[in-house]
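*Asks:* Sharing entry07.txt, compact mmCIF, C-alpha atoms:
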```txt
# COMPACT_ATOMS: atom_id res chain seq x y z
CA MET B 475 0.00 0.00 0.00
CA ASN B 476 1.23 3.49 -0.82
CA ALA B 477 2.57 5.05 2.36
CA ARG B 478 3.06 8.48 0.89
CA ALA B 479 1.43 11.25 2.87
CA THR B 480 1.18 13.53 -0.14
CA GLY B 481 -1.53 13.34 -2.78
CA ALA B 482 -4.53 11.04 -2.92
CA GLY B 483 -6.09 12.84 0.04
CA LEU B 484 -3.55 11.49 2.56
CA LEU B 485 -2.66 13.44 5.67
CA THR B 486 -0.08 16.17 5.14
CA ALA B 487 1.79 18.53 7.39
CA ALA B 488 -0.14 21.38 5.79
CA ALA B 489 -3.38 19.67 6.78
CA LEU B 490 -2.15 19.35 10.34
CA VAL B 491 -1.51 23.08 10.35
CA LEU B 492 -5.12 23.64 9.33
CA LEU B 493 -6.36 21.23 11.97
CA GLY B 494 -4.42 22.92 14.73
CA ALA B 495 -2.00 20.06 15.34
CA LEU B 496 0.99 22.00 14.08
CA PRO B 497 1.35 25.79 14.36
CA ALA B 498 2.01 27.37 10.99
CA ASP B 499 5.21 28.98 12.25
CA ALA B 500 6.48 25.58 13.38
CA ALA B 501 5.87 23.64 10.18
CA GLU B 502 9.56 23.84 9.34
CA ALA B 503 10.81 23.38 12.92
CA LEU B 504 11.94 19.82 12.32
CA PRO B 505 13.72 19.40 8.98
CA PRO B 506 12.74 16.61 6.58
CA ALA B 507 14.85 13.49 6.13
CA PRO B 508 15.11 10.76 3.48
CA THR B 509 13.18 8.20 5.56
CA PRO B 510 10.67 8.27 8.44
CA GLU B 511 13.23 6.56 10.66
CA GLN B 512 15.86 9.20 9.98
CA ALA B 513 13.35 11.97 10.63
CA ALA B 514 12.32 10.35 13.92
CA SER B 515 15.89 9.92 15.17
CA ALA B 516 17.27 13.26 14.00
CA PRO B 517 18.99 15.41 16.66
CA GLY B 518 16.28 18.08 16.46
CA THR B 519 13.56 15.48 16.99
CA LEU B 520 15.37 13.98 19.97
CA ASP B 521 15.76 17.44 21.49
CA THR B 522 12.03 18.07 21.07
CA LEU B 523 11.32 14.68 22.61
CA SER B 524 13.42 15.61 25.64
CA ARG B 525 11.23 18.65 26.14
CA PHE B 526 8.10 16.57 25.59
CA PHE B 527 9.02 13.94 28.17
CA ALA B 528 10.04 16.64 30.67
CA ARG B 529 6.92 18.77 30.18
CA ASP B 530 5.23 17.73 33.45
CA GLY B 531 8.41 17.49 35.48
CA ALA B 532 8.42 13.69 35.36
CA VAL B 533 12.05 13.70 34.29
CA ALA B 534 14.63 16.42 33.82
CA ARG B 535 15.08 17.44 30.21
CA SER B 536 18.81 16.76 30.50
CA ALA B 537 18.09 13.25 31.80
CA ALA B 538 15.27 12.25 29.44
CA ALA B 539 17.69 10.59 26.99
CA PRO B 540 14.97 9.75 24.45
CA ARG B 541 15.55 6.96 21.98
CA VAL B 542 13.58 5.69 19.00
CA GLU B 543 12.91 1.95 19.05
CA GLY B 544 12.49 -0.05 15.87
CA GLY B 545 11.24 1.12 12.51
CA SER B 546 8.18 3.14 11.62
CA VAL B 547 4.79 1.59 10.89
CA PRO B 548 2.07 2.74 8.50
CA VAL B 549 -0.99 4.07 10.31
CA ARG B 550 -4.22 3.29 8.48
CA ILE B 551 -7.55 5.03 9.03
CA LEU B 552 -11.02 3.89 7.93
CA SER B 553 -11.35 4.90 4.28
CA PRO B 554 -14.22 7.08 3.03
CA ASP B 555 -14.08 5.19 -0.26
CA PHE B 556 -14.83 1.98 1.62
CA VAL B 557 -17.73 3.63 3.43
CA ALA B 558 -19.03 5.00 0.14
CA GLY B 559 -18.87 1.56 -1.46
CA LYS B 560 -16.30 2.40 -4.14
CA PRO B 561 -15.47 -0.85 -5.98
CA GLY B 562 -12.16 -2.31 -4.88
CA ALA B 563 -11.65 0.24 -2.11
CA PRO B 564 -9.67 -1.13 0.86
CA VAL B 565 -11.17 -0.84 4.31
CA ALA B 566 -8.51 1.68 5.33
CA ARG B 567 -5.76 3.80 3.86
CA VAL B 568 -2.38 4.99 5.11
CA GLU B 569 -2.48 8.47 6.61
CA PHE B 570 0.99 8.75 8.16
CA ARG B 571 3.76 6.66 9.67
CA ALA B 572 4.51 6.33 13.37
CA SER B 573 7.64 5.54 15.35
CA ARG B 574 7.93 4.62 19.03
CA ALA B 575 10.02 6.86 21.25
CA VAL B 576 10.98 5.96 24.83
CA SER B 577 12.49 8.10 27.58
CA SER B 578 14.93 7.08 30.28
CA ASP B 579 12.10 6.81 32.82
CA GLY B 580 9.98 4.57 30.61
CA GLN B 581 7.58 7.13 29.11
CA LYS B 582 6.49 6.31 25.57
CA ALA B 583 5.44 8.53 22.71
CA SER B 584 4.40 8.13 19.11
CA LEU B 585 6.14 10.24 16.47
CA TRP B 586 3.95 10.94 13.45
CA THR B 587 5.78 11.49 10.16
CA VAL B 588 4.48 12.50 6.75
CA GLU B 589 6.20 12.80 3.39
CA ARG B 590 6.57 16.28 2.02
CA ALA B 591 8.38 17.72 -0.98
CA GLY B 592 11.73 17.69 0.83
CA GLY B 593 11.38 14.28 2.46
CA TRP B 594 9.85 12.78 5.59
CA GLN B 595 9.06 15.13 8.47
CA VAL B 596 7.89 14.67 12.05
CA VAL B 597 4.70 16.70 12.41
CA ASN B 598 3.29 15.52 15.71
CA ILE B 599 4.11 13.73 18.95
CA ALA B 600 1.44 11.92 20.97
CA THR B 601 1.63 10.24 24.35
CA GLY B 602 1.70 6.47 24.38
CA ASP B 603 2.51 4.12 21.53
CA ASP B 604 -0.94 2.96 20.38
CA GLU B 605 -0.05 3.05 16.69
CA ILE B 606 2.99 0.83 17.02
CA ARG B 607 1.54 -1.47 19.68
CA TYR B 608 -1.57 -2.31 17.68
CA ALA B 609 0.48 -2.79 14.52
CA GLU B 610 2.51 -5.37 16.44
CA LEU B 611 -0.61 -7.06 17.80
CA GLY B 612 -2.11 -7.29 14.33
CA GLY B 613 0.89 -9.11 12.93
CA ALA B 614 0.60 -9.79 9.20
CA GLY B 615 -2.99 -8.50 9.02
CA LEU B 616 -4.07 -5.04 7.93
CA VAL B 617 -4.33 -2.98 11.12
CA PHE B 618 -6.52 0.11 11.04
CA ARG B 619 -8.31 2.57 13.27
CA GLU B 620 -11.90 3.80 13.29
CA PRO B 621 -11.18 7.11 15.02
CA GLN B 622 -14.77 8.18 15.62
CA ILE B 623 -14.98 5.55 18.37
CA ASP B 624 -11.22 5.16 18.96
CA ALA B 625 -11.37 1.50 17.89
CA TRP B 626 -8.49 -0.56 16.54
CA TYR B 627 -9.03 -3.57 14.27
CA VAL B 628 -7.11 -6.01 12.13
CA GLN B 629 -8.47 -7.24 8.82
CA LYS B 630 -7.52 -10.82 8.02
CA GLY B 631 -8.98 -11.85 4.72
CA ALA B 632 -12.75 -11.45 4.87
CA LYS B 633 -12.78 -10.99 8.66
CA VAL B 634 -12.47 -7.85 10.78
CA LEU B 635 -11.20 -8.67 14.26
CA PRO B 636 -11.04 -6.36 17.29
CA LEU B 637 -7.75 -5.31 18.86
CA ASP B 638 -9.14 -3.26 21.76
CA GLU B 639 -12.26 -2.99 23.88
CA ASP B 640 -13.73 -0.18 21.77
CA ALA B 641 -13.60 -2.49 18.76
CA VAL B 642 -15.06 -5.37 20.81
CA ARG B 643 -18.05 -3.19 21.64
CA ALA B 644 -18.47 -2.42 17.94
CA VAL B 645 -18.06 -5.85 16.33
CA GLY B 646 -18.01 -8.36 19.19
CA ARG B 647 -15.11 -10.27 20.67
CA ASN B 648 -15.03 -12.70 17.74
CA GLY B 649 -15.16 -9.96 15.14
CA THR B 650 -17.34 -9.82 12.07
CA SER B 651 -17.18 -10.25 8.33
CA LEU B 652 -15.77 -7.48 6.17
CA ALA B 653 -19.18 -7.14 4.50
CA ALA B 654 -20.96 -6.80 7.84
CA TYR B 655 -18.39 -4.27 9.03
CA ARG B 656 -19.01 -2.17 5.95
CA GLU B 657 -22.76 -2.28 6.61
CA ARG B 658 -22.06 -0.98 10.12
CA VAL B 659 -19.89 1.94 9.02
CA VAL B 660 -22.31 2.84 6.24
CA ARG B 661 -25.08 3.12 8.83
CA ALA B 662 -22.86 5.18 11.10
CA TYR B 663 -21.10 7.45 8.60
CA GLY B 664 -22.65 7.04 5.16
CA ASP B 665 -24.55 10.32 5.41
CA LYS B 666 -21.53 12.24 6.69
CA LEU B 667 -19.08 11.79 3.83
CA PRO B 668 -17.48 14.74 1.99
CA GLY B 669 -20.11 16.55 -0.03
CA SER B 670 -22.98 15.39 2.16
CA ALA B 671 -25.61 17.74 3.56
CA TYR B 672 -24.11 17.04 6.98
CA ALA B 673 -20.73 18.31 5.82
CA LYS B 674 -22.16 21.27 3.93
CA LYS B 675 -23.98 22.47 7.04
CA GLY B 676 -20.60 22.97 8.66
CA THR B 677 -21.33 20.41 11.35
CA ALA B 678 -18.40 18.15 10.48
CA GLY B 679 -17.70 17.69 14.15
CA GLY B 680 -20.53 15.33 14.94
CA TYR B 681 -18.25 12.98 16.78
CA GLY B 682 -16.19 15.69 18.42
CA GLY B 683 -15.92 16.19 22.16
CA SER B 684 -18.74 18.71 22.42
CA GLU B 685 -21.57 16.34 21.60
CA ALA B 686 -23.15 13.73 23.82
CA GLY B 687 -21.91 10.23 23.25
CA ALA B 688 -18.79 11.40 21.44
CA PRO B 689 -15.33 10.22 22.45
CA GLY B 690 -14.22 12.58 25.16
CA ALA B 691 -17.68 13.99 25.68
CA PRO B 692 -19.63 13.81 28.94
CA GLY B 693 -21.19 10.41 29.20
CA ALA B 694 -18.93 8.78 26.66
CA PRO B 695 -17.58 5.50 28.06
CA GLY B 696 -13.92 5.40 28.85
CA ALA B 697 -13.23 8.89 27.55
CA GLY B 698 -9.88 10.37 28.35
CA PRO B 699 -7.35 12.76 26.81
CA ARG B 700 -4.28 11.88 24.86
CA THR B 701 -1.62 14.54 24.82
CA VAL B 702 -0.40 15.73 21.46
CA THR B 703 2.47 18.14 21.04
CA THR B 704 3.95 20.39 18.43
CA ALA B 705 7.37 21.92 17.97
CA ALA B 706 7.30 25.70 18.20
CA SER B 707 10.15 28.17 18.61
CA SER B 708 11.33 28.69 22.19
CA SER B 709 13.10 31.62 23.75
CA ASP B 710 16.47 29.86 23.49
CA GLY B 711 16.07 29.39 19.76
CA GLY B 712 15.30 25.69 19.88
CA PRO B 713 12.01 23.91 19.32
CA ALA B 714 9.69 24.11 22.32
CA VAL B 715 6.91 21.75 23.18
CA THR B 716 3.28 22.78 23.44
CA ALA B 717 0.75 20.19 24.54
CA ALA B 718 -3.01 19.92 24.01
CA SER B 719 -5.79 17.45 24.61
CA ALA B 720 -7.27 15.76 21.58
CA THR B 721 -10.46 13.84 20.98
CA ALA B 722 -10.27 11.96 17.71
CA GLY B 723 -8.30 10.96 14.61
CA ALA B 724 -6.59 13.46 12.35
CA GLY B 725 -6.92 11.26 9.32
CA ALA B 726 -10.66 10.92 9.64
CA VAL B 727 -11.12 14.67 9.86
CA LEU B 728 -10.00 14.81 6.26
CA ALA B 729 -11.48 11.48 5.28
CA LEU B 730 -14.96 11.41 6.77
CA LEU B 731 -15.52 14.98 7.99
CA LEU B 732 -16.77 13.65 11.29
CA ILE B 733 -14.48 15.36 13.77
CA SER B 734 -14.07 19.01 14.70
CA ALA B 735 -11.11 20.84 13.20
CA ALA B 736 -9.43 21.12 16.58
CA ALA B 737 -9.72 17.41 17.36
CA ILE B 738 -6.70 15.28 16.61
CA ARG B 739 -6.46 12.30 18.91
CA ARG B 740 -7.71 10.92 22.17
CA ARG B 741 -6.63 7.98 24.20
CA ARG B 742 -8.36 6.16 27.05
CA SER B 743 -7.08 7.21 30.46
CA THR B 744 -7.23 3.59 31.56
CA THR B 745 -5.11 0.78 30.17
CA ARG B 746 -6.76 -1.22 27.42
CA GLU B 747 -5.92 -4.80 26.70
CA PRO B 748 -6.91 -6.50 23.45
```
Show me this structure written as structure tokens.
*Replies:*
Amino acid sequence: MNARATGAGLLTAAALVLLGALPADAAEALPPAPTPEQAASAPGTLDTLSRFFARDGAVARSAAAPRVEGGSVPVRILSPDFVAGKPGAPVARVEFRASRAVSSDGQKASLWTVERAGGWQVVNIATGDDEIRYAELGGAGLVFREPQIDAWYVQKGAKVLPLDEDAVRAVGRNGTSLAAYRERVVRAYGDKLPGSAYAKKGTAGGYGGSEAGAPGAPGAPGAGPRTVTTAASSSDGGPAVTAASATAGAGAVLALLLISAAAIRRRRSTTREP
């Protein structure tokens, strides 16, 4: 599958600027590199990670000693073409790549990289390592996320199997068929695709944190923030870290127009086991 984050509607750094994940004046803070792995392990990225891990005083910036473990993984998000029933459309498409970063005190973070004209660039850092962990759990299957309910799945042939409790609630512990899964997402999102009346009304935040039953909203089960960060200029001339709470998936904002423009990610505050 094409892992490029440019063209074909895939997530770009420019899109993240529009969504509020990356300040416009910080879009060039971390220079591009030939590969996602090189971008993730670049000195500037490691310096930003040190600030990120030290942001709440959990560890001194000088002692954070961040390291990037393993290679990057493609992060796939439920595809609007699949929801719309486009012939041959895969259930999900690659939106960005993620790498796992670990600090000296055991904190973990996910580095999101996209491909731009000059190469691969880190555009976001999020607490935890959901993207990499679920990719590992899914093995050889096609792992993807349905961000509107923060659910992770793996597609194995004609089956869609759950990887977390949100997915279990959606498709059952034994999963469902690919055809049945499509029927479910069509019912949930078929009237909210780009160009729909829902989107044209400017209410493309129907699953954002401000509405009842939405991830992160009052009454939503298991809602909790996931910290995302961006690299902005600091007083000492280096990239600083700014953190914010997020409620949904960046890819699906562009793909399904279901999440508010300020919503990027959310993660359960309690540990989830598949």
*Asks:* CA of Gly580 in chain B to CA of Pro540 in chain B: how many Å, to one decimal?
*Replies:*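 CA of Gly580 in chain B sits 9.5 Å away from CA of Pro540 in chain B.
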*Asks:* Would you give me, as JSON lines, each residue of range 486-582 of chain B having an atom within 12 Å of an atom of range 621-634 of chain B, along with its shortest atom pair and that distance in Å to one decimal, using all atoms listed in the file and sorting by chain and residue number?
*Replies:*
```
{"residue": "B:Val549", "atom": "CA", "partner": "B:Trp626", "partner_atom": "CA", "distance": 10.8}
{"residue": "B:Arg550", "atom": "CA", "partner": "B:Trp626", "partner_atom": "CA", "distance": 9.9}
{"residue": "B:Ile551", "atom": "CA", "partner": "B:Pro621", "partner_atom": "CA", "distance": 7.3}
{"residue": "B:Leu552", "atom": "CA", "partner": "B:Pro621", "partner_atom": "CA", "distance": 7.8}
{"residue": "B:Ser553", "atom": "CA", "partner": "B:Pro621", "partner_atom": "CA", "distance": 11.0}
{"residue": "B:Pro564", "atom": "CA", "partner": "B:Gln629", "partner_atom": "CA", "distance": 10.1}
{"residue": "B:Val565", "atom": "CA", "partner": "B:Gln629", "partner_atom": "CA", "distance": 8.3}
{"residue": "B:Ala566", "atom": "CA", "partner": "B:Gln629", "partner_atom": "CA", "distance": 9.6}
```
*Asks:* Taking only C-alpha atoms into account, which of B:Pro561, B:Gly531, B:Gly613, B:Gly593 comes nearest Glu511 in chain B?
*Replies:*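 Closest to Glu511 in chain B, using only C-alpha atoms: B:Gly593.
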*Asks:* Which residue out of B:Leu616, B:Ala558, B:Val542, B:Leu635 has the minimum interatomic distance to Ser651 in chain B when only C-alpha atoms are used?
*Replies:*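 Closest to Ser651 in chain B, using only C-alpha atoms: B:Leu635.
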*Asks:* Determine the nearest neighbour of Gly545 in chain B from the options B:Gly559, B:Pro517, B:Gly646, B:Pro510, counting all atoms listed in the file.
*Replies:*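 Among the listed residues, the smallest separation from Gly545 in chain B belongs to B:Pro510.
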*Asks:* Just the number, please: distance in Å from CA of Glu657 in chain B to CA of Ala609 in chain B, one decimal.
*Replies:* 24.6 Å
*Asks:* Using Å and a single decimal, report how far CA of Leu523 in chain B sits from CA of Val588 in chain B.
*Replies:* 17.4 Å
*Asks:* B:Val659, B:Ala600, B:Val547, B:Val533: which is nearest Val568 in chain B, counting all atoms listed in the file?
*Replies:* B:Val547
*Asks:* Anything within 9 Å of (11.6, 3.7, 18.2): list those residues as a list in words, counting only C-alpha atoms and sticking to the file's coordinates.
*Replies:*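 Protein and nucleic acid residues near the point are Glu511, Ala514, Ser515, Arg541, Val542, Glu543, Gly544, Gly545, Ser546, Ala572, Ser573, Arg574, Ala575, Val576, Ser584 and Leu585 of chain B.
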*Asks:* Return the single residue from B:Ala532, B:Val557, B:Leu637, B:Leu520 that is closest to Lys666 in chain B, with distances computed using only C-alpha atoms.
*Replies:*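 Of the candidates, the smallest distance to Lys666 in chain B is held by B:Val557.
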*Asks:* Please fill the gaps in range 541-557 of chain B so it has N, CA, C and O atoms, and write that as a PDB file, in the frame of the given file.
*Replies:*
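Writing done, so here's rebuild_39.pdb:
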```pdb
ATOM      1  N   ARG B 541      15.048   7.812  23.049  1.00  0.00           N
ATOM      2  CA  ARG B 541      15.550   6.960  21.980  1.00  0.00           C
ATOM      3  C   ARG B 541      14.366   6.485  21.146  1.00  0.00           C
ATOM      4  O   ARG B 541      13.248   6.393  21.646  1.00  0.00           O
ATOM      5  N   VAL B 542      14.612   6.200  19.900  1.00  0.00           N
ATOM      6  CA  VAL B 542      13.580   5.690  19.000  1.00  0.00           C
ATOM      7  C   VAL B 542      13.813   4.201  18.830  1.00  0.00           C
ATOM      8  O   VAL B 542      14.921   3.768  18.481  1.00  0.00           O
ATOM      9  N   GLU B 543      12.793   3.406  19.102  1.00  0.00           N
ATOM     10  CA  GLU B 543      12.910   1.950  19.050  1.00  0.00           C
ATOM     11  C   GLU B 543      12.269   1.395  17.783  1.00  0.00           C
ATOM     12  O   GLU B 543      11.104   1.649  17.504  1.00  0.00           O
ATOM     13  N   GLY B 544      13.028   0.622  17.037  1.00  0.00           N
ATOM     14  CA  GLY B 544      12.490  -0.050  15.870  1.00  0.00           C
ATOM     15  C   GLY B 544      12.185   0.888  14.718  1.00  0.00           C
ATOM     16  O   GLY B 544      12.501   2.084  14.745  1.00  0.00           O
ATOM     17  N   GLY B 545      11.577   0.330  13.682  1.00  0.00           N
ATOM     18  CA  GLY B 545      11.240   1.120  12.510  1.00  0.00           C
ATOM     19  C   GLY B 545       9.866   1.752  12.639  1.00  0.00           C
ATOM     20  O   GLY B 545       9.151   1.563  13.623  1.00  0.00           O
ATOM     21  N   SER B 546       9.500   2.517  11.634  1.00  0.00           N
ATOM     22  CA  SER B 546       8.180   3.140  11.620  1.00  0.00           C
ATOM     23  C   SER B 546       7.147   2.167  11.082  1.00  0.00           C
ATOM     24  O   SER B 546       7.477   1.201  10.401  1.00  0.00           O
ATOM     25  N   VAL B 547       5.887   2.427  11.394  1.00  0.00           N
ATOM     26  CA  VAL B 547       4.790   1.590  10.890  1.00  0.00           C
ATOM     27  C   VAL B 547       3.779   2.479  10.185  1.00  0.00           C
ATOM     28  O   VAL B 547       3.573   3.636  10.567  1.00  0.00           O
ATOM     29  N   PRO B 548       3.128   1.968   9.150  1.00  0.00           N
ATOM     30  CA  PRO B 548       2.070   2.740   8.500  1.00  0.00           C
ATOM     31  C   PRO B 548       0.839   2.777   9.389  1.00  0.00           C
ATOM     32  O   PRO B 548       0.465   1.765   9.985  1.00  0.00           O
ATOM     33  N   VAL B 549       0.224   3.924   9.508  1.00  0.00           N
ATOM     34  CA  VAL B 549      -0.990   4.070  10.310  1.00  0.00           C
ATOM     35  C   VAL B 549      -2.165   4.252   9.341  1.00  0.00           C
ATOM     36  O   VAL B 549      -2.217   5.220   8.588  1.00  0.00           O
ATOM     37  N   ARG B 550      -3.079   3.301   9.398  1.00  0.00           N
ATOM     38  CA  ARG B 550      -4.220   3.290   8.480  1.00  0.00           C
ATOM     39  C   ARG B 550      -5.489   3.724   9.208  1.00  0.00           C
ATOM     40  O   ARG B 550      -5.723   3.328  10.341  1.00  0.00           O
ATOM     41  N   ILE B 551      -6.294   4.502   8.501  1.00  0.00           N
ATOM     42  CA  ILE B 551      -7.550   5.030   9.030  1.00  0.00           C
ATOM     43  C   ILE B 551      -8.678   4.567   8.109  1.00  0.00           C
ATOM     44  O   ILE B 551      -8.516   4.464   6.893  1.00  0.00           O
ATOM     45  N   LEU B 552      -9.841   4.278   8.702  1.00  0.00           N
ATOM     46  CA  LEU B 552     -11.020   3.890   7.930  1.00  0.00           C
ATOM     47  C   LEU B 552     -11.183   4.778   6.703  1.00  0.00           C
ATOM     48  O   LEU B 552     -11.189   5.999   6.797  1.00  0.00           O
ATOM     49  N   SER B 553     -11.320   4.163   5.542  1.00  0.00           N
ATOM     50  CA  SER B 553     -11.350   4.900   4.280  1.00  0.00           C
ATOM     51  C   SER B 553     -12.761   5.354   3.916  1.00  0.00           C
ATOM     52  O   SER B 553     -13.713   4.564   3.969  1.00  0.00           O
ATOM     53  N   PRO B 554     -12.913   6.610   3.485  1.00  0.00           N
ATOM     54  CA  PRO B 554     -14.220   7.080   3.030  1.00  0.00           C
ATOM     55  C   PRO B 554     -14.676   6.367   1.766  1.00  0.00           C
ATOM     56  O   PRO B 554     -15.870   6.211   1.528  1.00  0.00           O
ATOM     57  N   ASP B 555     -13.723   5.933   0.948  1.00  0.00           N
ATOM     58  CA  ASP B 555     -14.080   5.190  -0.260  1.00  0.00           C
ATOM     59  C   ASP B 555     -14.731   3.856   0.084  1.00  0.00           C
ATOM     60  O   ASP B 555     -15.662   3.404  -0.583  1.00  0.00           O
ATOM     61  N   PHE B 556     -14.237   3.230   1.156  1.00  0.00           N
ATOM     62  CA  PHE B 556     -14.830   1.980   1.620  1.00  0.00           C
ATOM     63  C   PHE B 556     -16.243   2.225   2.132  1.00  0.00           C
ATOM     64  O   PHE B 556     -17.183   1.482   1.817  1.00  0.00           O
ATOM     65  N   VAL B 557     -16.410   3.289   2.902  1.00  0.00           N
ATOM     66  CA  VAL B 557     -17.730   3.630   3.430  1.00  0.00           C
ATOM     67  C   VAL B 557     -18.701   3.949   2.299  1.00  0.00           C
ATOM     68  O   VAL B 557     -19.880   3.580   2.345  1.00  0.00           O
TER      69      VAL B 557
END
```
